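K.L.:
Could you have a look at this structure, given as C-alpha cells, before my questions?
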Amino acid sequence: MGGMRIRIDAVDLPGRTCRAPADGSVPAYTDVHVAVQRRGRPGELLDPQPGDAASATWTLECTAFASPSGVEVRGPYVQDRLGRRFVFLSWGTVDASGGFTMFRRAKLMLDVIPEDTLAAAARQGLLVGRLGLTGPDGGPVCARVLPPQITWTAEPTEPADRDEPGARP
C-alpha cells in the first residue's frame with residue numbers, strides 16, 4: 001500500500017445565502033463557502049468554494065495502509081476521532097477581509113466504505129466520493145454523511161497525475 005488520493009466531487013450546492021439558525025443569533029448566513037478542514041487545524045481550509053458554485057472538487061493526498069482491521073487511510077485532511085476516520089467539510093461565511101467563520105460541518109465518514117472498495121482504491125490510487133451538498137431542509141448538508149447520501153468508488157489514478165515529472169508511465 002502507500003500513496004493514495006481522495007477526491008471529493010460535490011454538486012447541488014445550497015447557495016450563497018442560508019436561512020437563519022433557529023436560535024435567531026444571526027438573521028441569515030451570507031457569502032457562504034465550503035472547504036475541506038485540515039486535521040487539528042480548524043482554521044486551515046483547503047480550497048474554499050462559494051456556496052452557489054455549479055460544483056466543487058477537492059483532491060486530498062493521503063496514505064493507505066494495512067491494519068488488523070483492514071485498510072486504513074491517513075493524511076493531513078483525514079480526521080481520526082476514537083478510531084473513526086472521516087473528512088470534515090466546513091461551511092462558513094466569508095467577510096470583506098476574506099476571513100472564514102465556520103457555522104456548520106459535515107463529516108464524510110470513511111469507516112463505512114466497504115473494505116473491497118478501500119482495498120481497490122489503495123491499489124488503483126484514487127478513492128472518489130460523490131455527493132450533493134444541499135440537505136433536506138434546503139441548507140448545507142451537515143452531520144454524518146453516509147451512503148447512499150455519498151457514493152464511494154475506487155478509480156485509477158487520473159492521467160494528469162501520471163504525467164507529472166518523475167511519474168511512471
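Ordering of the C-alpha cells sets the chain letters (A, B, ...); residue numbers start at 1 within each chain; ligands are numbered from 1 in the order shown.
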Please identify all polymer residues within 6 Å of range 78-81 of chain A, counting only C-alpha atoms, omitting same-chain residues fewer than 5 positions from it, and present them as a PyMOL selection string.

P.N.:
chain A and resi 39+86-87

K.L.:
Which residues come within 8 Å of range 121-124 of chain A, counting only C-alpha atoms, excluding same-chain residues fewer than 2 positions away, as a PyMOL selection string?

P.N.:
chain A and resi 1-4+64+117-119+126-127+153-157

K.L.:
Tell me, which residues of range 56-144 of chain A carry DSSP strand (DSSP E or B), written as an MDAnalysis selection string?

P.N.:
chainID A and resid 56:67 70:74 79:81 84:94 100:109 125:132 134 140 143:144

K.L.:
Mind giving me the straight-line distance from CA of Arg130 in chain A to CA of Phe103 in chain A in Å, one decimal?

P.N.:
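Result for CA of Arg130 in chain A versus CA of Phe103 in chain A: 22.7 Å, one decimal.
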